[in-house]
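Quick look at start-v1.txt (compact mmCIF, C-alpha atoms and all ligand atoms):
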```txt
# COMPACT_ATOMS: atom_id res chain seq x y z
CA MET A 1 101.93 -92.86 29.76
CA ASN A 2 100.69 -89.37 29.93
CA GLU A 3 102.43 -88.17 32.94
CA SER A 4 104.37 -85.87 30.61
CA GLN A 5 101.18 -83.98 29.77
CA HIS A 6 101.36 -82.34 33.17
CA ARG A 7 101.57 -78.62 32.90
CA THR A 8 104.73 -76.81 33.92
CA THR A 9 103.07 -74.98 36.77
CA GLY A 10 100.20 -75.72 39.06
CA PRO A 11 99.46 -77.60 42.25
CA GLU A 12 100.76 -80.93 40.97
CA ARG A 13 104.28 -79.57 40.89
CA THR A 14 105.02 -80.57 44.48
CA GLU A 15 104.00 -84.14 43.74
CA ARG A 16 106.27 -84.23 40.73
CA SER A 17 109.30 -82.76 42.48
CA VAL A 18 111.67 -85.40 43.70
CA SER A 19 114.71 -85.47 45.98
CA ILE A 20 118.29 -86.45 45.06
CA THR A 21 120.36 -88.28 47.66
CA PHE A 22 124.11 -88.85 47.48
CA ASP A 23 124.98 -91.77 49.76
CA ARG A 24 128.77 -92.02 50.22
CA ALA A 25 129.02 -91.42 46.46
CA THR A 26 132.61 -91.94 45.37
CA LYS A 27 134.36 -91.63 42.02
CA ILE A 28 137.92 -92.67 41.36
CA TYR A 29 138.80 -92.23 37.69
CA PRO A 30 140.68 -95.11 36.04
CA GLY A 31 144.43 -94.67 36.50
CA SER A 32 143.93 -92.23 39.36
CA GLU A 33 144.92 -93.08 42.93
CA THR A 34 142.84 -90.51 44.75
CA PRO A 35 139.10 -89.90 44.49
CA ALA A 36 137.68 -87.04 42.41
CA LEU A 37 134.60 -87.30 44.62
CA ASP A 38 135.08 -88.78 48.08
CA ALA A 39 132.14 -90.38 49.91
CA LEU A 40 129.76 -87.49 49.30
CA SER A 41 126.60 -87.78 51.38
CA LEU A 42 123.87 -85.16 51.11
CA THR A 43 120.22 -84.80 50.13
CA VAL A 44 118.75 -82.18 47.84
CA GLU A 45 115.13 -81.97 48.96
CA ALA A 46 112.32 -81.96 46.41
CA GLY A 47 112.00 -78.51 44.84
CA GLU A 48 115.24 -77.26 46.40
CA LEU A 49 118.06 -75.49 44.55
CA LEU A 50 121.46 -76.71 45.76
CA CYS A 51 124.55 -74.83 44.69
CA LEU A 52 127.65 -76.96 44.49
CA VAL A 53 130.73 -74.77 44.81
CA GLY A 54 134.44 -75.27 45.19
CA PRO A 55 137.76 -74.67 43.49
CA SER A 56 138.54 -75.99 40.03
CA GLY A 57 139.18 -79.72 40.25
CA GLY A 58 137.03 -80.06 43.39
CA GLY A 59 134.80 -82.70 41.80
CA LYS A 60 131.74 -80.57 40.97
CA THR A 61 131.33 -81.70 37.36
CA THR A 62 132.06 -85.27 38.44
CA ALA A 63 129.20 -85.12 40.96
CA LEU A 64 126.77 -83.90 38.28
CA MET A 65 127.83 -86.44 35.68
CA LEU A 66 127.36 -89.23 38.22
CA ILE A 67 123.71 -88.24 38.71
CA ASN A 68 122.74 -88.66 35.06
CA ARG A 69 125.14 -91.55 34.58
CA LEU A 70 127.41 -89.93 32.05
CA ILE A 71 130.01 -91.64 34.27
CA ASP A 72 129.63 -94.53 36.73
CA LEU A 73 130.06 -94.57 40.50
CA THR A 74 133.11 -96.34 41.91
CA SER A 75 131.25 -96.97 45.17
CA GLY A 76 128.30 -95.65 47.13
CA ASP A 77 124.93 -94.79 45.65
CA ILE A 78 122.82 -91.94 44.32
CA ARG A 79 119.05 -92.11 44.67
CA ILE A 80 116.35 -90.16 42.89
CA GLY A 81 113.47 -90.22 45.32
CA GLU A 82 113.74 -93.73 46.74
CA THR A 83 115.20 -95.31 43.60
CA SER A 84 118.90 -95.94 42.98
CA ILE A 85 120.07 -94.48 39.65
CA THR A 86 121.44 -97.92 38.84
CA ASP A 87 117.82 -99.15 38.73
CA ILE A 88 116.67 -96.42 36.31
CA GLY A 89 117.14 -96.91 32.56
CA ALA A 90 119.05 -94.34 30.50
CA ILE A 91 115.93 -93.12 28.64
CA GLU A 92 113.98 -92.78 31.86
CA LEU A 93 116.87 -90.81 33.40
CA ARG A 94 117.02 -88.47 30.41
CA ARG A 95 113.29 -87.89 30.64
CA LYS A 96 113.61 -87.02 34.32
CA ILE A 97 116.67 -84.79 34.09
CA GLY A 98 117.29 -81.52 32.27
CA TYR A 99 121.00 -80.87 31.78
CA ALA A 100 122.51 -77.48 30.93
CA ILE A 101 126.23 -76.89 30.60
CA GLN A 102 128.49 -73.88 30.30
CA GLN A 103 129.14 -74.02 26.57
CA THR A 104 125.37 -74.44 26.11
CA GLY A 105 125.99 -77.58 24.04
CA LEU A 106 123.49 -76.41 21.43
CA PHE A 107 123.71 -78.34 18.16
CA PRO A 108 125.05 -75.74 15.67
CA HIS A 109 123.37 -77.30 12.63
CA MET A 110 119.95 -77.27 14.28
CA THR A 111 117.65 -74.26 14.61
CA VAL A 112 116.51 -72.92 17.96
CA ALA A 113 113.25 -74.86 17.64
CA GLN A 114 115.00 -78.09 16.67
CA ASN A 115 117.42 -77.77 19.59
CA ILE A 116 114.58 -77.29 22.07
CA ALA A 117 112.71 -80.26 20.58
CA VAL A 118 115.49 -82.83 21.02
CA VAL A 119 114.15 -84.57 24.12
CA PRO A 120 110.42 -84.18 23.29
CA ARG A 121 111.18 -85.92 19.94
CA ILE A 122 112.90 -88.79 21.75
CA LEU A 123 109.75 -89.02 23.86
CA GLY A 124 107.56 -89.15 20.75
CA TRP A 125 105.54 -85.97 21.28
CA SER A 126 103.29 -84.79 18.43
CA ALA A 127 104.49 -81.89 16.26
CA ALA A 128 101.66 -79.69 17.53
CA ARG A 129 102.55 -80.35 21.11
CA ILE A 130 106.25 -79.66 20.47
CA ASP A 131 105.41 -76.36 18.74
CA ALA A 132 103.21 -75.20 21.59
CA ARG A 133 105.82 -76.16 24.17
CA THR A 134 108.60 -74.42 22.22
CA ASP A 135 106.68 -71.14 22.18
CA GLU A 136 105.85 -71.44 25.86
CA LEU A 137 109.54 -71.99 26.68
CA LEU A 138 110.86 -69.18 24.49
CA GLU A 139 108.56 -66.82 26.35
CA LEU A 140 109.57 -68.27 29.72
CA VAL A 141 113.28 -67.57 29.13
CA GLY A 142 112.60 -64.07 27.79
CA LEU A 143 112.88 -64.67 24.03
CA THR A 144 110.17 -63.85 21.50
CA PRO A 145 108.22 -66.87 20.22
CA THR A 146 108.14 -65.79 16.56
CA ALA A 147 108.79 -67.89 13.47
CA GLN A 148 111.93 -65.87 12.88
CA TRP A 149 113.30 -66.72 16.33
CA ARG A 150 112.45 -70.39 16.08
CA ALA A 151 114.29 -70.63 12.74
CA ARG A 152 117.56 -69.04 13.85
CA TYR A 153 120.75 -71.06 14.26
CA PRO A 154 122.88 -70.86 17.43
CA GLY A 155 125.59 -69.01 15.46
CA GLN A 156 123.10 -66.19 14.85
CA LEU A 157 122.52 -65.62 18.57
CA SER A 158 124.48 -63.71 21.20
CA GLY A 159 126.10 -65.68 24.02
CA GLY A 160 123.32 -64.70 26.42
CA GLN A 161 120.62 -65.73 23.95
CA GLN A 162 122.33 -69.08 23.40
CA GLN A 163 122.39 -69.67 27.16
CA ARG A 164 118.66 -68.91 27.32
CA VAL A 165 117.97 -71.41 24.55
CA GLY A 166 120.14 -73.93 26.44
CA ILE A 167 117.97 -73.45 29.53
CA ALA A 168 114.79 -73.73 27.43
CA ARG A 169 116.09 -76.98 25.97
CA ALA A 170 116.89 -78.36 29.44
CA LEU A 171 113.35 -77.50 30.58
CA ALA A 172 111.65 -78.79 27.41
CA ALA A 173 110.24 -82.10 28.58
CA ASP A 174 109.36 -80.58 31.96
CA PRO A 175 111.83 -82.78 33.86
CA PRO A 176 111.49 -82.88 37.65
CA LEU A 177 115.28 -82.52 38.01
CA MET A 178 117.68 -79.94 36.61
CA LEU A 179 121.46 -80.26 36.55
CA MET A 180 123.34 -77.11 35.60
CA ASP A 181 127.12 -76.97 35.23
CA GLU A 182 128.34 -73.36 35.34
CA PRO A 183 125.49 -72.49 32.97
CA PHE A 184 126.09 -68.75 33.08
CA GLY A 185 129.88 -68.89 33.21
CA ALA A 186 130.46 -67.45 29.76
CA LEU A 187 128.24 -64.39 30.16
CA ASP A 188 129.23 -60.77 30.72
CA PRO A 189 128.24 -59.46 34.18
CA ILE A 190 125.11 -57.58 33.08
CA THR A 191 123.67 -60.41 30.98
CA ARG A 192 124.65 -62.80 33.72
CA THR A 193 122.67 -60.91 36.34
CA ALA A 194 119.64 -60.79 34.02
CA VAL A 195 119.80 -64.53 33.26
CA GLN A 196 120.32 -65.35 36.96
CA ASP A 197 117.22 -63.33 37.85
CA GLU A 198 115.22 -65.03 35.11
CA PHE A 199 116.34 -68.47 36.18
CA LEU A 200 115.46 -67.73 39.81
CA ALA A 201 112.01 -66.51 38.74
CA ILE A 202 111.53 -69.72 36.70
CA HIS A 203 112.76 -71.78 39.64
CA ARG A 204 110.30 -70.10 42.01
CA ALA A 205 107.47 -70.63 39.53
CA VAL A 206 108.30 -74.22 38.58
CA GLY A 207 110.03 -75.53 41.71
CA LYS A 208 112.26 -78.16 40.14
CA THR A 209 114.88 -79.92 42.21
CA THR A 210 118.10 -78.36 40.92
CA VAL A 211 121.81 -78.98 41.37
CA PHE A 212 123.60 -75.87 40.19
CA VAL A 213 127.40 -75.96 39.88
CA THR A 214 129.37 -72.74 40.03
CA HIS A 215 132.84 -71.68 41.11
CA ASP A 216 131.43 -68.20 41.84
CA ILE A 217 130.53 -67.97 45.53
CA ASP A 218 128.47 -64.82 45.00
CA GLU A 219 126.35 -66.60 42.40
CA ALA A 220 125.87 -69.47 44.88
CA ILE A 221 124.84 -67.08 47.68
CA LYS A 222 122.34 -65.45 45.35
CA MET A 223 120.87 -68.62 43.84
CA GLY A 224 121.13 -71.38 46.42
CA ASP A 225 118.55 -72.53 48.96
CA LYS A 226 121.54 -74.45 50.25
CA ILE A 227 125.22 -74.44 49.36
CA ALA A 228 127.58 -77.43 49.43
CA VAL A 229 131.27 -76.51 49.44
CA LEU A 230 133.64 -79.13 48.06
CA ARG A 231 137.35 -79.01 48.78
CA PRO A 232 140.10 -80.46 46.53
CA GLY A 233 139.88 -84.23 46.64
CA GLY A 234 136.09 -84.08 46.36
CA LEU A 235 135.43 -83.89 50.10
CA LEU A 236 132.40 -82.06 51.44
CA ALA A 237 133.65 -79.12 53.49
CA GLN A 238 130.27 -77.69 54.53
CA LEU A 239 126.58 -77.89 53.66
CA GLY A 240 123.93 -75.40 54.68
CA PRO A 241 121.83 -72.37 53.76
CA PRO A 242 123.89 -69.36 52.59
CA GLU A 243 123.20 -67.41 55.78
CA ASP A 244 124.55 -70.28 57.94
CA LEU A 245 127.76 -70.61 55.92
CA LEU A 246 128.34 -66.87 56.00
CA ALA A 247 127.62 -66.64 59.74
CA GLU A 248 129.59 -69.73 60.74
CA PRO A 249 132.01 -71.17 58.19
CA ALA A 250 133.09 -74.65 59.27
CA ASP A 251 136.81 -73.98 58.87
CA ASP A 252 139.45 -71.72 57.32
CA PHE A 253 139.01 -73.28 53.87
CA VAL A 254 135.30 -72.40 53.76
CA ALA A 255 135.96 -68.97 55.28
CA SER A 256 138.57 -68.14 52.65
CA PHE A 257 136.30 -69.45 49.91
CA LEU A 258 133.50 -67.17 51.14
CA GLY A 259 135.92 -64.25 50.95
CA ALA A 260 137.02 -61.39 53.17
CA GLU A 261 133.66 -59.63 52.79
CA ARG A 262 131.57 -62.49 54.07
CA GLY A 263 130.18 -60.34 56.90
CA LEU A 264 128.84 -57.84 54.38
CA LYS A 265 127.66 -60.57 52.00
CA ARG A 266 125.59 -61.94 54.85
CA LEU A 267 123.89 -58.57 55.30
CA GLY A 268 123.03 -58.80 51.60
CA LEU A 269 120.65 -61.70 52.38
CA TYR A 270 118.27 -59.59 54.48
CA ARG A 271 115.82 -56.97 53.20
CA LEU A 272 114.54 -53.83 54.89
CA GLY A 273 110.97 -55.08 54.44
CA ASP A 274 111.75 -57.93 56.85
CA LEU A 275 112.95 -55.57 59.58
CA ALA A 276 110.17 -54.02 61.66
CA GLY A 277 111.97 -50.73 62.30
CA GLU A 278 110.70 -47.99 64.57
CA GLN A 279 107.78 -45.62 64.01
CA ARG A 280 109.31 -42.42 65.33
CA GLU A 281 107.78 -38.92 65.52
CA PRO A 282 109.32 -37.05 63.84
CA LEU A 283 111.27 -39.37 61.55
CA PRO A 284 114.99 -38.61 61.39
CA ASP A 285 116.38 -37.08 58.22
CA TRP A 286 117.91 -40.35 56.97
CA PRO A 287 118.02 -41.75 53.40
CA ARG A 288 114.62 -43.11 52.31
CA LEU A 289 114.81 -46.56 50.69
CA PRO A 290 112.31 -49.09 49.31
CA ALA A 291 111.48 -52.21 51.33
CA GLY A 292 113.31 -54.47 48.84
CA THR A 293 116.69 -52.84 49.66
CA THR A 294 119.12 -55.24 51.33
CA ALA A 295 120.62 -54.47 54.74
CA ARG A 296 123.98 -54.33 52.96
CA GLU A 297 122.83 -51.70 50.45
CA ALA A 298 121.09 -49.75 53.21
CA LEU A 299 124.28 -49.72 55.27
CA SER A 300 126.18 -48.47 52.25
CA CYS A 301 123.62 -45.66 51.75
CA ALA A 302 123.69 -44.66 55.42
CA THR A 303 127.50 -44.57 55.32
CA ALA A 304 127.54 -42.47 52.15
CA GLU A 305 125.11 -39.95 53.66
CA ARG A 306 126.78 -40.07 57.08
CA ALA A 307 123.41 -40.95 58.61
CA ASP A 308 122.81 -43.13 61.68
CA GLY A 309 120.21 -45.20 59.86
CA VAL A 310 117.72 -45.33 56.99
CA ILE A 311 113.98 -44.85 56.52
CA VAL A 312 111.95 -47.66 54.94
CA ALA A 313 109.52 -46.03 52.54
CA ASP A 314 107.50 -48.76 50.83
CA GLY A 315 104.36 -46.72 50.10
CA GLU A 316 102.01 -48.98 52.09
CA THR A 317 102.84 -49.27 55.77
CA PRO A 318 103.81 -46.18 57.77
CA GLU A 319 107.42 -45.14 57.19
CA ARG A 320 109.84 -46.66 59.67
CA ALA A 321 113.30 -45.78 60.94
CA VAL A 322 115.95 -48.51 60.94
CA PRO A 323 119.09 -47.53 62.86
CA VAL A 324 122.52 -48.72 61.71
CA ALA A 325 122.80 -51.00 64.76
CA ARG A 326 119.72 -52.86 63.52
CA LEU A 327 121.13 -53.11 59.97
CA LEU A 328 124.25 -54.74 61.40
CA GLN A 329 122.20 -57.47 63.11
CA PRO A 330 119.29 -58.14 60.76
CA ASP A 331 118.82 -61.71 62.05
CA VAL A 332 118.39 -60.80 65.72
CA SER A 333 114.72 -60.91 66.70
CA GLU A 334 112.95 -57.58 67.11
CA GLY A 335 113.07 -56.19 70.60
CA ALA A 336 116.26 -58.07 71.42
CA ALA A 337 118.30 -55.79 69.17
N1 LIG B 401 137.79 -88.23 32.67
C1 LIG B 401 138.66 -88.03 33.67
N2 LIG B 401 139.69 -88.88 33.87
C2 LIG B 401 140.57 -88.70 34.89
N3 LIG B 401 140.48 -87.70 35.79
C3 LIG B 401 139.47 -86.82 35.64
C4 LIG B 401 138.51 -86.94 34.59
N4 LIG B 401 137.63 -85.93 34.71
C5 LIG B 401 138.01 -85.21 35.78
N5 LIG B 401 139.11 -85.74 36.36
C6 LIG B 401 139.80 -85.26 37.57
O1 LIG B 401 138.89 -85.31 38.66
C7 LIG B 401 139.02 -84.16 39.49
C8 LIG B 401 137.70 -83.43 39.60
O2 LIG B 401 137.38 -82.89 38.31
P1 LIG B 401 136.00 -82.13 38.04
O3 LIG B 401 134.89 -82.95 38.57
O4 LIG B 401 135.97 -81.79 36.60
O5 LIG B 401 136.18 -80.82 38.95
P2 LIG B 401 135.43 -79.41 38.88
O6 LIG B 401 134.22 -79.54 38.01
O7 LIG B 401 135.11 -79.12 40.33
O8 LIG B 401 136.43 -78.43 38.36
C9 LIG B 401 140.14 -83.34 38.89
O9 LIG B 401 141.33 -83.64 39.57
C10 LIG B 401 140.19 -83.81 37.46
O10 LIG B 401 141.48 -83.69 36.94
MG MG B 402 133.64 -78.49 36.30
```

Could you write out this file's structure as structure tokens?
Amino acid sequence: MNESQHRTTGPERTERSVSITFDRATKIYPGSETPALDALSLTVEAGELLCLVGPSGGGKTTALMLINRLIDLTSGDIRIGETSITDIGAIELRRKIGYAIQQTGLFPHMTVAQNIAVVPRILGWSAARIDARTDELLELVGLTPTAQWRARYPGQLSGGQQQRVGIARALAADPPLMLMDEPFGALDPITRTAVQDEFLAIHRAVGKTTVFVTHDIDEAIKMGDKIAVLRPGGLLAQLGPPEDLLAEPADDFVASFLGAERGLKRLGLYRLGDLAGEQREPLPDWPRLPAGTTAREALSCATAERADGVIVADGETPERAVPVARLLQPDVSEGAA
């Protein structure tokens, strides 16, 4: 029974990742005539981060709570790997799934360390193992693993720190699945960006299958490998990678949800380093930008300087010129542009 001794990172992570499949999953709450979630069918592949977006009341929280059986399906099925959730016991589900919610849900009368240890205790880990894991997690989410930190109560932490502890707690037993319901919703924009970046770095390192609920389309574009848009009534409006939704929204509802600037948001998904550019002699006198700059930021710079393009200066390869026309079509293959 020592599957849980697997390390957080390492080659075994792909084996441990597992898919989640919604198969015409439907929820009608008692006393309600219309579904909150209506025959949702989609698969989150192993290791993938799916952002579930939509207006308030669109059924996002319902979809998450169905996965870990906080509520029961009215009809249809949800499978984890090949197994229906109805065939998995509650303890087993809790061991498999880390769950983080907007109001962090930290227990106020428990210290940081005690909060993080909740699931490992249920699983019967030794005190030494729990301590080691707690320190590892505090470091992972950008908090200092000192005795002083471990002994603090949630009320002694800032909102952003509480959210980090909430994420650490969700990750504690190294679950192959993460469910996150507007986990960064309560944060100010600067903290939010920092926590988003940290979570993405953790996700890239650990590769857990994640369903991430947000009503913020920009957060979904930033975080999601794929985005599922739900419309009121819990119907799936569109599913696909962010670049596909931005390039070709399925209908007016999705287009309006993506916002008037969806063309520019799409340019934000491409980086100068991915564009070959032109090695001209001499190089034009255009703004010089690092390879990590997005096409959107580069376009903004070129516009501000009234230049017809930008120069990619990444210190390694020869400097290259990228004309504005190329920035506007970053997905077109080189040579065709
Ligand atoms: N416990 C409940 N009983 C009855 N209706 C509910 C319950 N929870 C949510 N609903 C309804 O289901 C719909 C979807 O809610 P929810 O999943 O919370 O949406 P979201 O998270 O996208 O805002 C809403 O119309 C909401 O009022
Ligand atoms: Mg909700």

Emit as AutoDock Vina command-line options the padded axis-aligned box for all listed atoms of stretch 248-257 of chain A, 5 Å per side, with centre and edge lengths in Å to one decimal.
```
--center_x 134.5 --center_y -71.4 --center_z 55.3 --size_x 19.9 --size_y 16.5 --size_z 20.8
```

Per-residue nearest contacts of chain A to ligand LIG 401 (chain B) (12 Å; only C-alpha atoms and all ligand atoms) as CSV:
```
residue,atom,partner,partner_atom,distance
A:Thr26,CA,B:LIG401,O1,11.3
A:Lys27,CA,B:LIG401,O1,8.5
A:Ile28,CA,B:LIG401,N3,7.9
A:Tyr29,CA,B:LIG401,C2,4.8
A:Pro30,CA,B:LIG401,C2,6.5
A:Gly31,CA,B:LIG401,C2,7.3
A:Ser32,CA,B:LIG401,C2,6.6
A:Glu33,CA,B:LIG401,N3,10.0
A:Thr34,CA,B:LIG401,O9,8.7
A:Pro35,CA,B:LIG401,O1,7.4
A:Ala36,CA,B:LIG401,O1,4.3
A:Leu37,CA,B:LIG401,C8,7.1
A:Asp38,CA,B:LIG401,C8,10.4
A:Leu52,CA,B:LIG401,O7,8.8
A:Val53,CA,B:LIG401,O7,7.6
A:Gly54,CA,B:LIG401,O7,6.2
A:Pro55,CA,B:LIG401,O7,6.1
A:Ser56,CA,B:LIG401,O8,3.6
A:Gly57,CA,B:LIG401,O5,3.4
A:Gly58,CA,B:LIG401,O7,3.7
A:Gly59,CA,B:LIG401,O3,3.2
A:Lys60,CA,B:LIG401,O7,3.7
A:Thr61,CA,B:LIG401,O6,3.7
A:Thr62,CA,B:LIG401,O3,3.7
A:Ala63,CA,B:LIG401,O3,6.5
A:Leu64,CA,B:LIG401,O3,8.2
A:Met65,CA,B:LIG401,O3,8.4
A:Leu66,CA,B:LIG401,O3,9.8
A:Leu70,CA,B:LIG401,N1,10.5
A:Ile71,CA,B:LIG401,N1,8.6
A:Asp72,CA,B:LIG401,N1,11.1
A:Ile101,CA,B:LIG401,O6,11.2
A:Gln102,CA,B:LIG401,O6,11.1
A:Met180,CA,B:LIG401,O6,11.4
A:Asp181,CA,B:LIG401,O6,8.0
A:Glu182,CA,B:LIG401,O6,8.9
A:Phe212,CA,B:LIG401,O6,11.4
A:Val213,CA,B:LIG401,O6,7.9
A:Thr214,CA,B:LIG401,O7,8.6
A:His215,CA,B:LIG401,O7,7.8
A:Asp216,CA,B:LIG401,O7,11.6
A:Ala228,CA,B:LIG401,O7,11.9
A:Val229,CA,B:LIG401,O7,10.2
A:Leu230,CA,B:LIG401,O7,7.9
A:Arg231,CA,B:LIG401,O7,8.7
A:Pro232,CA,B:LIG401,O9,7.8
A:Gly233,CA,B:LIG401,C7,7.2
A:Gly234,CA,B:LIG401,C8,7.0
A:Leu235,CA,B:LIG401,C8,10.8
A:Leu236,CA,B:LIG401,O7,11.8
```

Give me a file of those residues, with C-alpha atoms, as an mmCIF file, keeping the file's coordinate frame.
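Final output, saved to selection.cif:
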```
data_model
loop_
_atom_site.group_PDB
_atom_site.id
_atom_site.type_symbol
_atom_site.label_atom_id
_atom_site.label_comp_id
_atom_site.auth_asym_id
_atom_site.auth_seq_id
_atom_site.Cartn_x
_atom_site.Cartn_y
_atom_site.Cartn_z
ATOM 1 C CA THR A 26 132.610 -91.940 45.370
ATOM 2 C CA LYS A 27 134.360 -91.630 42.020
ATOM 3 C CA ILE A 28 137.920 -92.670 41.360
ATOM 4 C CA TYR A 29 138.800 -92.230 37.690
ATOM 5 C CA PRO A 30 140.680 -95.110 36.040
ATOM 6 C CA GLY A 31 144.430 -94.670 36.500
ATOM 7 C CA SER A 32 143.930 -92.230 39.360
ATOM 8 C CA GLU A 33 144.920 -93.080 42.930
ATOM 9 C CA THR A 34 142.840 -90.510 44.750
ATOM 10 C CA PRO A 35 139.100 -89.900 44.490
ATOM 11 C CA ALA A 36 137.680 -87.040 42.410
ATOM 12 C CA LEU A 37 134.600 -87.300 44.620
ATOM 13 C CA ASP A 38 135.080 -88.780 48.080
ATOM 14 C CA LEU A 52 127.650 -76.960 44.490
ATOM 15 C CA VAL A 53 130.730 -74.770 44.810
ATOM 16 C CA GLY A 54 134.440 -75.270 45.190
ATOM 17 C CA PRO A 55 137.760 -74.670 43.490
ATOM 18 C CA SER A 56 138.540 -75.990 40.030
ATOM 19 C CA GLY A 57 139.180 -79.720 40.250
ATOM 20 C CA GLY A 58 137.030 -80.060 43.390
ATOM 21 C CA GLY A 59 134.800 -82.700 41.800
ATOM 22 C CA LYS A 60 131.740 -80.570 40.970
ATOM 23 C CA THR A 61 131.330 -81.700 37.360
ATOM 24 C CA THR A 62 132.060 -85.270 38.440
ATOM 25 C CA ALA A 63 129.200 -85.120 40.960
ATOM 26 C CA LEU A 64 126.770 -83.900 38.280
ATOM 27 C CA MET A 65 127.830 -86.440 35.680
ATOM 28 C CA LEU A 66 127.360 -89.230 38.220
ATOM 29 C CA LEU A 70 127.410 -89.930 32.050
ATOM 30 C CA ILE A 71 130.010 -91.640 34.270
ATOM 31 C CA ASP A 72 129.630 -94.530 36.730
ATOM 32 C CA ILE A 101 126.230 -76.890 30.600
ATOM 33 C CA GLN A 102 128.490 -73.880 30.300
ATOM 34 C CA MET A 180 123.340 -77.110 35.600
ATOM 35 C CA ASP A 181 127.120 -76.970 35.230
ATOM 36 C CA GLU A 182 128.340 -73.360 35.340
ATOM 37 C CA PHE A 212 123.600 -75.870 40.190
ATOM 38 C CA VAL A 213 127.400 -75.960 39.880
ATOM 39 C CA THR A 214 129.370 -72.740 40.030
ATOM 40 C CA HIS A 215 132.840 -71.680 41.110
ATOM 41 C CA ASP A 216 131.430 -68.200 41.840
ATOM 42 C CA ALA A 228 127.580 -77.430 49.430
ATOM 43 C CA VAL A 229 131.270 -76.510 49.440
ATOM 44 C CA LEU A 230 133.640 -79.130 48.060
ATOM 45 C CA ARG A 231 137.350 -79.010 48.780
ATOM 46 C CA PRO A 232 140.100 -80.460 46.530
ATOM 47 C CA GLY A 233 139.880 -84.230 46.640
ATOM 48 C CA GLY A 234 136.090 -84.080 46.360
ATOM 49 C CA LEU A 235 135.430 -83.890 50.100
ATOM 50 C CA LEU A 236 132.400 -82.060 51.440
#
```

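Each of A:Pro330, A:Ser300, A:Gly273, A:Pro287 was compared to A:Asp314 using only C-alpha atoms, and A:Gly273 turns out to be the nearest.
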
Legend entry - Test item: residues at most 8 Å from A:Ala321, only C-alpha atoms, excluding those fewer than 6 positions along its chain, as JSON, numbers by chain: {"A": [277, 278, 279, 280, 283, 284, 309, 310, 311, 312]}

Legend entry - Among the residues A:Val165, A:Gly259, A:Val112, A:Gly124, the one that comes closest to A:Trp149 [using all atoms listed in the file]: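 Using all atoms listed in the file, A:Trp149 sits closest to A:Val112.
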
Legend entry - Nearest to A:Ile167 by atom-to-atom distance, counting all atoms listed in the file, from A:Asp331, A:Glu82, A:Glu139, A:Asp188: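 Of A:Asp331, A:Glu82, A:Glu139, A:Asp188, the one nearest A:Ile167 is A:Glu139, counting all atoms listed in the file.
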
Fewer than 6 positions away in the same chain doesn't count, so skip those; otherwise give me all residues within 9 Å of A:Ile130, counting only C-alpha atoms, as a short mmCIF file (atom, residue, chain, number, x, y, z; two decimals) with C-alpha atoms, in the coordinates of the input.
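Saved to result_16.cif:
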```
data_model
loop_
_atom_site.label_atom_id
_atom_site.label_comp_id
_atom_site.auth_asym_id
_atom_site.auth_seq_id
_atom_site.Cartn_x
_atom_site.Cartn_y
_atom_site.Cartn_z
CA ALA A 113 113.25 -74.86 17.64
CA ILE A 116 114.58 -77.29 22.07
CA ALA A 117 112.71 -80.26 20.58
CA PRO A 120 110.42 -84.18 23.29
CA ARG A 121 111.18 -85.92 19.94
CA ALA A 172 111.65 -78.79 27.41
#
```

Nearby residues (all atoms listed in the file) at most 7 Å from stretch 294-298 of chain A, same-chain spacing under 6 positions excluded, as a PDB file with C-alpha atoms, in the coordinates of the input:
```
ATOM      1  CA  LEU A 264     128.840 -57.840  54.380  1.00  0.00           C
ATOM      2  CA  LEU A 267     123.890 -58.570  55.300  1.00  0.00           C
ATOM      3  CA  GLY A 268     123.030 -58.800  51.600  1.00  0.00           C
ATOM      4  CA  LEU A 269     120.650 -61.700  52.380  1.00  0.00           C
ATOM      5  CA  TYR A 270     118.270 -59.590  54.480  1.00  0.00           C
ATOM      6  CA  ARG A 271     115.820 -56.970  53.200  1.00  0.00           C
ATOM      7  CA  LEU A 272     114.540 -53.830  54.890  1.00  0.00           C
ATOM      8  CA  VAL A 310     117.720 -45.330  56.990  1.00  0.00           C
ATOM      9  CA  LEU A 327     121.130 -53.110  59.970  1.00  0.00           C
TER      10      LEU A 327
END
```

Inset, instruction - Just give me the gap between atom CA of A:Phe22 and atom CA of A:Ile88 in Å, one decimal is fine. - result: 15.4 Å

Inset, instruction - Do a neighbour search on A:Ala247 at 10 Å with only C-alpha atoms, toss out local chain neighbours closer than 3 positions, and write the hits as a list of chain:residue names. - result: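 What passes the distance filter is A:Pro242, A:Glu243, A:Asp244, A:Ala250, A:Ala255, A:Arg262, A:Gly263, A:Lys265, A:Arg266, A:Leu267.
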
Legend entry - Of the listed residues A:Ala170, A:Ile190, A:Leu140, A:Ile217, that which approaches A:Gly105 most closely, counting only C-alpha atoms: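 Once distances to A:Gly105 are computed over only C-alpha atoms, the minimum belongs to A:Ala170.
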
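Here atom CA of A:Glu136 is placed at a distance of 14.6 Å from atom CA of A:Glu198.
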
Inset, instruction - Go through A:Leu42, A:Leu299, A:Pro183, A:Ala173 and flag the residue nearest ligand MG 402 (chain B), using all atoms listed in the file for the distances. - result: A:Pro183

Legend entry - atom CA of A:Thr209 to atom CA of A:Thr21, straight-line distance in Å: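 Taking atom CA of A:Thr21 as the start and atom CA of A:Thr209 as the end point, the length is 11.4 Å.
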
Legend entry - Using all atoms listed in the file: which of A:Thr317, A:Arg288, A:His109, A:Tyr153 has the shortest distance to A:Glu305: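 Using all atoms listed in the file, the shortest distance to A:Glu305 belongs to A:Arg288.
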